Each structure stands twice: as structure tokens, then as C-alpha cells.
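A.B. asks: This is the structure I have questions about; it appears just below.
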Amino acid sequence: MTSPGIALQGAVHLNETILLPNLRLALAAGRWTVLLGPSGVGKTTLARLVAGLPTGAQLEGTMRADDGAPLDGRVAVMAQDDQLLPWSSALANVCIGSRLRGTRPDWTRARALLDAVGLLPLAERKPGRLSTGQRQRVALARTLYEDRPVVVLDEPFSALDPVTRYAMQDLAANLLTGRTVILITHDPQEAMRLAYAAFLIGGPDGASAVETPSSPAPRPADSPEIFAAQAVLLRRLTGATAPDTGIAA
Ligand SMILES: Nc1ncnc2c1ncn2[C@@H]1O[C@H](COP(=O)(O)OP(=O)(O)OP(=O)(O)O)[C@@H](O)[C@H]1O
């Protein structure tokens, strides 16, 4: 599968007002782009526009995949809420897309994906008997089952404890290698562990680029470059000036 880069420019309008002006975003092909910014600024709206999902907002401008093909049907979404069907097993939840499309589920592939996220032993369990982290792993397997070249991850790990979140970041980074991923997060460490490129959404420029570490993701959280990068990012997110720590901005 080849994953396209996406170029987006224009303004996002919502209810007669401009939510995001002057957007100019380049989402690199086969890489992770992280979107950050204050609550309510429009990150989810933007990602849903890319996914072709209803938002109530309109993009006045252009959004193009660099392979020239439409994005319709090529984007999978994983959200903070796992959105699993409570009456279906973990395995059945993985193939829910097939059932919604009225096609025969590929149970072998669904099992392989549950195995990849470490949940094959719990394949017959219903979501009510899974932990939050286990449910998010089922949701990740369901996202992978859709096998789309572009994946939107909208704060998918924010409800998890730090240790589970760290493991999920590694798992997702490995399993989504080669896809064009948009990750929305409020967590500077998560952003700097996973981003190939990152943008702060909002303000008069619509989106402004954030410097990211150059080493391959997922990066270890305890590396000096991650500490430094997340400190710089946190300062930008809070609008704070640099304390005298010796860390270069
Ligand atoms: N369908 C809708 N109709 C009207 N307003 C909406 C709709 N969806 C979102 N909004 C508004 O649009 C703005 C952007 O919302 P959005 O969810 O995109 O923000 P966000 O940056 O993702 O926020 P958060 O970080 O809190 O998730 C908010 O002010 C929100 O109230």
C-alpha cells in the first residue's frame, strides 16, 4: 500500500464564522503529523474534514492527495472513545466495518490483528469485561482492519494511564508504519515521541510548525532530545517564556 501526502490550504468556516484562517498544512506521505493546540480551536474539525466525516464546518480552499486520487474511502479514524459495540465480542468488534458494509468478515485477518495487539486470548470477551487499555487495543485492531492508507488518531490514548499509554504509542507507531497518520494530542511528550512533523493549530496563521526531533519514532521518552523538545513545545502551548534551565529554545 502506498500512502499519499496531503496538502491542505484555505480557511475552515463554522456557522458564519472563520474557525481556522489561512491554513497551509502539508501532511507528509507515510509519516506521522501531530496536531496540537488549545481545546476548541478546531483540531478535531480539521481531522474530520480530512476524513470526509460530517462536522458542520466547511473548508473554503483545497485539500489534495499528492497521488491525485480522491481521499474518499481512504481514511480510517480512531477516537478517544473506543466506540466498541458492547454486545459484540472483541473479535466481532474488529470486523465491524465488514458487517456495516454488508460484506463477509475476514475472521483470519481479524484474529491476526487481535494477536498483533496482544489480545487474541481475549477475542471472545465483550468490551464490558475489558480494561480501558484493552478496549483501545481492540479499537486499534479495528482501525488496522480497515487497512486504509491514511489514519486519523483523535486523542486515542488520552484516557489511558501513563504506562499503558506509553505501550500503546509504541504499538501504534509500529503497526501504522508507512501510513499517513494525523495524531491529535494535548500531550507534549506523546507529540515529541511520535511526530515526524507537528503543527500548533490556531491563531492568525491557522497552523504553525513545531520543531520535532530528527531521530526515528517512536522515540524513548527519557532521551535528552525528547526532554528538550517537549519543554520547548510546552512553552509554546502555554505561551510561556523560557525559564533559565540551559535548554535551548
Ligand atoms: N457540529 C458542530 N456544530 C457547531 N459547532 C461545532 C461543531 N463541532 C464543533 N464545533 C465547535 O467548533 C469548535 C472546534 O471544535 P473541535 O472539536 O474541532 O476542537 P478541538 O480543537 O478538537 O478541541 P478539543 O481539544 O477540546 O478536543 C469548538 O468551538 C466547538 O464548540
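Within each chain, counting starts at residue 1; across the C-alpha cells, chains are named A, B, ... in the order shown, with ligands numbered 1 upward in that order.
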Counting only C-alpha atoms and all ligand atoms, what are the residues, protein, DNA or RNA alike, that approach ligand 1 to within 9 Å? I want them as a count of residues only.
C.D. replies: 27
A.B. asks: Report the residues of segment 105-239 of chain A whose backbone DSSP state falls under alpha helix (DSSP H), written as JSON, numbers by chain.
C.D. replies: {"A": [107, 108, 109, 110, 111, 112, 113, 114, 115, 116, 132, 133, 134, 135, 136, 137, 138, 139, 140, 141, 142, 143, 144, 145, 146, 162, 163, 164, 165, 166, 167, 168, 169, 170, 171, 172, 173, 174, 175, 188, 189, 190, 191, 192, 193, 194, 224, 225, 226, 227, 228, 229, 230, 231, 232, 233, 234, 235, 236, 237, 238]}
A.B. asks: Taking only residues of segment 82-101 of chain A that have an atom at most 10 Å from an atom of segment 107-111 of chain A, what is each one's shortest atom pair and its distance in Å to one decimal, using only C-alpha atoms, in chain and number order, as CSV?
C.D. replies:
residue,atom,partner,partner_atom,distance
A:Ala90,CA,A:Ala110,CA,9.7
A:Leu91,CA,A:Ala110,CA,6.5
A:Ala92,CA,A:Ala110,CA,8.3
A:Asn93,CA,A:Ala110,CA,9.2
A:Val94,CA,A:Ala110,CA,6.0
A:Cys95,CA,A:Ala110,CA,6.4
A.B. asks: Kindly export the residues of the current selection with N, CA and C atoms, as an mmCIF file, in the first residue's frame.
C.D. replies:
data_model
loop_
_atom_site.group_PDB
_atom_site.id
_atom_site.type_symbol
_atom_site.label_atom_id
_atom_site.label_comp_id
_atom_site.auth_asym_id
_atom_site.auth_seq_id
_atom_site.Cartn_x
_atom_site.Cartn_y
_atom_site.Cartn_z
ATOM 1 N N ALA A 90 -14.772 -8.926 21.304
ATOM 2 C CA ALA A 90 -13.624 -8.157 20.804
ATOM 3 C C ALA A 90 -13.394 -8.486 19.334
ATOM 4 N N LEU A 91 -13.441 -9.775 19.004
ATOM 5 C CA LEU A 91 -13.182 -10.203 17.625
ATOM 6 C C LEU A 91 -14.227 -9.621 16.665
ATOM 7 N N ALA A 92 -15.494 -9.706 17.056
ATOM 8 C CA ALA A 92 -16.555 -9.175 16.187
ATOM 9 C C ALA A 92 -16.435 -7.663 16.046
ATOM 10 N N ASN A 93 -15.971 -6.988 17.103
ATOM 11 C CA ASN A 93 -15.782 -5.544 17.018
ATOM 12 C C ASN A 93 -14.685 -5.182 16.021
ATOM 13 N N VAL A 94 -13.651 -6.029 15.934
ATOM 14 C CA VAL A 94 -12.559 -5.729 14.999
ATOM 15 C C VAL A 94 -13.106 -5.681 13.570
ATOM 16 N N CYS A 95 -14.027 -6.589 13.233
ATOM 17 C CA CYS A 95 -14.539 -6.635 11.842
ATOM 18 C C CYS A 95 -15.856 -5.913 11.669
#
A.B. asks: Using only C-alpha atoms, what does the table of segment 62-118 of chain A residues within 10 Å of segment 148-153 of chain A look like, with each row giving the shortest atom pair and its distance in Å to one decimal, sorted by chain and ascending number, as a tab-separated table?
C.D. replies:
residue	atom	partner	partner_atom	distance
A:Leu71	CA	A:Val150	CA	8.5
A:Gly73	CA	A:Arg148	CA	7.8
A:Arg74	CA	A:Arg148	CA	5.1
A:Val75	CA	A:Val150	CA	4.6
A:Ala76	CA	A:Val151	CA	4.8
A:Val77	CA	A:Val152	CA	4.7
A:Met78	CA	A:Leu153	CA	4.9
A:Ala79	CA	A:Leu153	CA	6.0
A:Gln80	CA	A:Leu153	CA	8.2
A.B. asks: Find the spatial neighbours of Ala173 of chain A, counting only C-alpha atoms, within a cut-off of 8 Å - ignore same-chain residues fewer than 6 positions away - and output them as a list in words.
C.D. replies: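 Residues meeting the cut-off are Leu194, Ala217 and Pro218 of chain A.
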A.B. asks: Fewer than 4 positions away in the same chain doesn't count, so skip those; otherwise give me all residues within 12 Å of Pro216 of chain A, counting only C-alpha atoms, as a list in words.
C.D. replies: Arg31, Trp32, Asp170, Ala173, Asn174, Thr177, Met192, Arg193, Leu194, Ala195, Tyr196, Ala197, Thr212, Pro220, Glu225 and Ile226 of chain A
A.B. asks: What are the DSSP strand (DSSP E) residues of segment 60-225 of chain A, as a PyMOL selection string?
C.D. replies: chain A and resi 60-65+75-79+150-154+180-184+197-201+207-210
A.B. asks: Could you take the residues named above and write them with N, CA and C atoms, as a PDB file, in the first residue's frame?
C.D. replies:
ATOM      1  N   GLU A  60     -13.030  26.209   2.990  1.00  0.00           N
ATOM      2  CA  GLU A  60     -13.024  27.038   1.786  1.00  0.00           C
ATOM      3  C   GLU A  60     -11.594  27.087   1.318  1.00  0.00           C
ATOM      4  N   GLY A  61     -11.290  26.224   0.381  1.00  0.00           N
ATOM      5  CA  GLY A  61      -9.908  26.097  -0.055  1.00  0.00           C
ATOM      6  C   GLY A  61      -9.744  24.752  -0.730  1.00  0.00           C
ATOM      7  N   THR A  62      -8.567  24.188  -0.640  1.00  0.00           N
ATOM      8  CA  THR A  62      -8.314  22.911  -1.326  1.00  0.00           C
ATOM      9  C   THR A  62      -7.698  21.898  -0.375  1.00  0.00           C
ATOM     10  N   MET A  63      -8.000  20.647  -0.651  1.00  0.00           N
ATOM     11  CA  MET A  63      -7.366  19.531   0.071  1.00  0.00           C
ATOM     12  C   MET A  63      -7.074  18.457  -0.978  1.00  0.00           C
ATOM     13  N   ARG A  64      -5.805  18.159  -1.172  1.00  0.00           N
ATOM     14  CA  ARG A  64      -5.458  17.233  -2.249  1.00  0.00           C
ATOM     15  C   ARG A  64      -4.478  16.189  -1.775  1.00  0.00           C
ATOM     16  N   ALA A  65      -4.706  14.968  -2.221  1.00  0.00           N
ATOM     17  CA  ALA A  65      -3.708  13.910  -2.011  1.00  0.00           C
ATOM     18  C   ALA A  65      -2.691  14.011  -3.146  1.00  0.00           C
ATOM     19  N   VAL A  75      -9.504   6.922   4.367  1.00  0.00           N
ATOM     20  CA  VAL A  75      -9.123   7.404   5.701  1.00  0.00           C
ATOM     21  C   VAL A  75      -9.853   6.605   6.781  1.00  0.00           C
ATOM     22  N   ALA A  76      -9.101   6.073   7.738  1.00  0.00           N
ATOM     23  CA  ALA A  76      -9.698   5.419   8.920  1.00  0.00           C
ATOM     24  C   ALA A  76      -9.522   6.345  10.117  1.00  0.00           C
ATOM     25  N   VAL A  77     -10.454   6.258  11.061  1.00  0.00           N
ATOM     26  CA  VAL A  77     -10.417   7.151  12.233  1.00  0.00           C
ATOM     27  C   VAL A  77     -10.458   6.332  13.510  1.00  0.00           C
ATOM     28  N   MET A  78      -9.596   6.699  14.449  1.00  0.00           N
ATOM     29  CA  MET A  78      -9.656   6.109  15.796  1.00  0.00           C
ATOM     30  C   MET A  78      -9.755   7.273  16.781  1.00  0.00           C
ATOM     31  N   ALA A  79     -10.786   7.229  17.644  1.00  0.00           N
ATOM     32  CA  ALA A  79     -11.041   8.353  18.544  1.00  0.00           C
ATOM     33  C   ALA A  79     -10.720   7.998  19.992  1.00  0.00           C
ATOM     34  N   VAL A 150      -4.537   6.258   5.006  1.00  0.00           N
ATOM     35  CA  VAL A 150      -4.497   7.457   5.858  1.00  0.00           C
ATOM     36  C   VAL A 150      -5.276   7.155   7.136  1.00  0.00           C
ATOM     37  N   VAL A 151      -4.690   7.492   8.278  1.00  0.00           N
ATOM     38  CA  VAL A 151      -5.321   7.182   9.563  1.00  0.00           C
ATOM     39  C   VAL A 151      -5.340   8.435  10.436  1.00  0.00           C
ATOM     40  N   VAL A 152      -6.518   8.769  10.945  1.00  0.00           N
ATOM     41  CA  VAL A 152      -6.659   9.872  11.896  1.00  0.00           C
ATOM     42  C   VAL A 152      -6.775   9.283  13.293  1.00  0.00           C
ATOM     43  N   LEU A 153      -5.902   9.698  14.178  1.00  0.00           N
ATOM     44  CA  LEU A 153      -5.940   9.269  15.580  1.00  0.00           C
ATOM     45  C   LEU A 153      -6.298  10.492  16.417  1.00  0.00           C
ATOM     46  N   ASP A 154      -7.532  10.566  16.898  1.00  0.00           N
ATOM     47  CA  ASP A 154      -8.006  11.749  17.619  1.00  0.00           C
ATOM     48  C   ASP A 154      -7.940  11.482  19.124  1.00  0.00           C
ATOM     49  N   THR A 180       0.029   7.350   6.308  1.00  0.00           N
ATOM     50  CA  THR A 180      -0.016   8.790   6.585  1.00  0.00           C
ATOM     51  C   THR A 180      -0.936   8.976   7.775  1.00  0.00           C
ATOM     52  N   VAL A 181      -0.355   9.372   8.899  1.00  0.00           N
ATOM     53  CA  VAL A 181      -1.124   9.429  10.154  1.00  0.00           C
ATOM     54  C   VAL A 181      -1.243  10.879  10.626  1.00  0.00           C
ATOM     55  N   ILE A 182      -2.457  11.242  11.033  1.00  0.00           N
ATOM     56  CA  ILE A 182      -2.682  12.526  11.707  1.00  0.00           C
ATOM     57  C   ILE A 182      -3.015  12.190  13.151  1.00  0.00           C
ATOM     58  N   LEU A 183      -2.182  12.630  14.074  1.00  0.00           N
ATOM     59  CA  LEU A 183      -2.421  12.376  15.504  1.00  0.00           C
ATOM     60  C   LEU A 183      -2.769  13.693  16.186  1.00  0.00           C
ATOM     61  N   ILE A 184      -3.934  13.726  16.833  1.00  0.00           N
ATOM     62  CA  ILE A 184      -4.302  14.881  17.652  1.00  0.00           C
ATOM     63  C   ILE A 184      -3.999  14.531  19.097  1.00  0.00           C
ATOM     64  N   ALA A 197       6.346  15.375  11.894  1.00  0.00           N
ATOM     65  CA  ALA A 197       6.129  16.822  11.827  1.00  0.00           C
ATOM     66  C   ALA A 197       5.017  17.172  12.794  1.00  0.00           C
ATOM     67  N   ALA A 198       5.005  18.405  13.285  1.00  0.00           N
ATOM     68  CA  ALA A 198       3.951  18.817  14.227  1.00  0.00           C
ATOM     69  C   ALA A 198       3.551  20.257  13.946  1.00  0.00           C
ATOM     70  N   PHE A 199       2.266  20.536  14.194  1.00  0.00           N
ATOM     71  CA  PHE A 199       1.751  21.889  13.979  1.00  0.00           C
ATOM     72  C   PHE A 199       0.914  22.308  15.176  1.00  0.00           C
ATOM     73  N   LEU A 200       1.081  23.573  15.555  1.00  0.00           N
ATOM     74  CA  LEU A 200       0.180  24.182  16.537  1.00  0.00           C
ATOM     75  C   LEU A 200      -0.973  24.795  15.753  1.00  0.00           C
ATOM     76  N   ILE A 201      -2.190  24.330  16.054  1.00  0.00           N
ATOM     77  CA  ILE A 201      -3.362  24.809  15.338  1.00  0.00           C
ATOM     78  C   ILE A 201      -3.949  26.011  16.089  1.00  0.00           C
ATOM     79  N   ALA A 207      -2.103  27.543  11.331  1.00  0.00           N
ATOM     80  CA  ALA A 207      -1.259  26.439  11.833  1.00  0.00           C
ATOM     81  C   ALA A 207       0.185  26.893  11.743  1.00  0.00           C
ATOM     82  N   SER A 208       0.948  26.642  12.804  1.00  0.00           N
ATOM     83  CA  SER A 208       2.376  26.972  12.726  1.00  0.00           C
ATOM     84  C   SER A 208       3.195  25.738  13.097  1.00  0.00           C
ATOM     85  N   ALA A 209       4.272  25.555  12.373  1.00  0.00           N
ATOM     86  CA  ALA A 209       5.081  24.340  12.539  1.00  0.00           C
ATOM     87  C   ALA A 209       5.827  24.357  13.871  1.00  0.00           C
ATOM     88  N   VAL A 210       5.983  23.179  14.436  1.00  0.00           N
ATOM     89  CA  VAL A 210       6.738  22.998  15.681  1.00  0.00           C
ATOM     90  C   VAL A 210       7.935  22.123  15.332  1.00  0.00           C
TER      91      VAL A 210
END
A.B. asks: Give the answer as one residue: which of A:Leu119, A:Tyr145, A:Leu234, A:Ala221 has the shortest atom-to-atom distance to Ser98 of chain A, using only C-alpha atoms?
C.D. replies: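 Using only C-alpha atoms, Ser98 of chain A sits closest to A:Tyr145.
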A.B. asks: Figure out the distance between atom CA of Arg142 of chain A and atom CA of Pro70 of chain A, please, to one decimal in Å.
C.D. replies: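 Separation between atom CA of Pro70 of chain A and atom CA of Arg142 of chain A: 22.9 Å.
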A.B. asks: May I ask which of the residues A:Ala229, A:Leu100, A:Leu176, A:Ile18 is the closest one to Met1 of chain A, counting only C-alpha atoms?
C.D. replies: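 The closest residue to Met1 of chain A is A:Leu176.
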A.B. asks: Atom CA of Ala123 of chain A and atom CA of Asp81 of chain A are how many Å apart?
C.D. replies: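 It comes out at 19.7 Å.
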A.B. asks: Identify, on the basis of only C-alpha atoms, every residue whose closest approach to Ala116 of chain A does not exceed 9 Å; exclude the query and any residue fewer than 5 positions from it along the same chain; express the result as a list in words.
C.D. replies: Arg111, Ala141, Leu171 and Leu175 of chain A
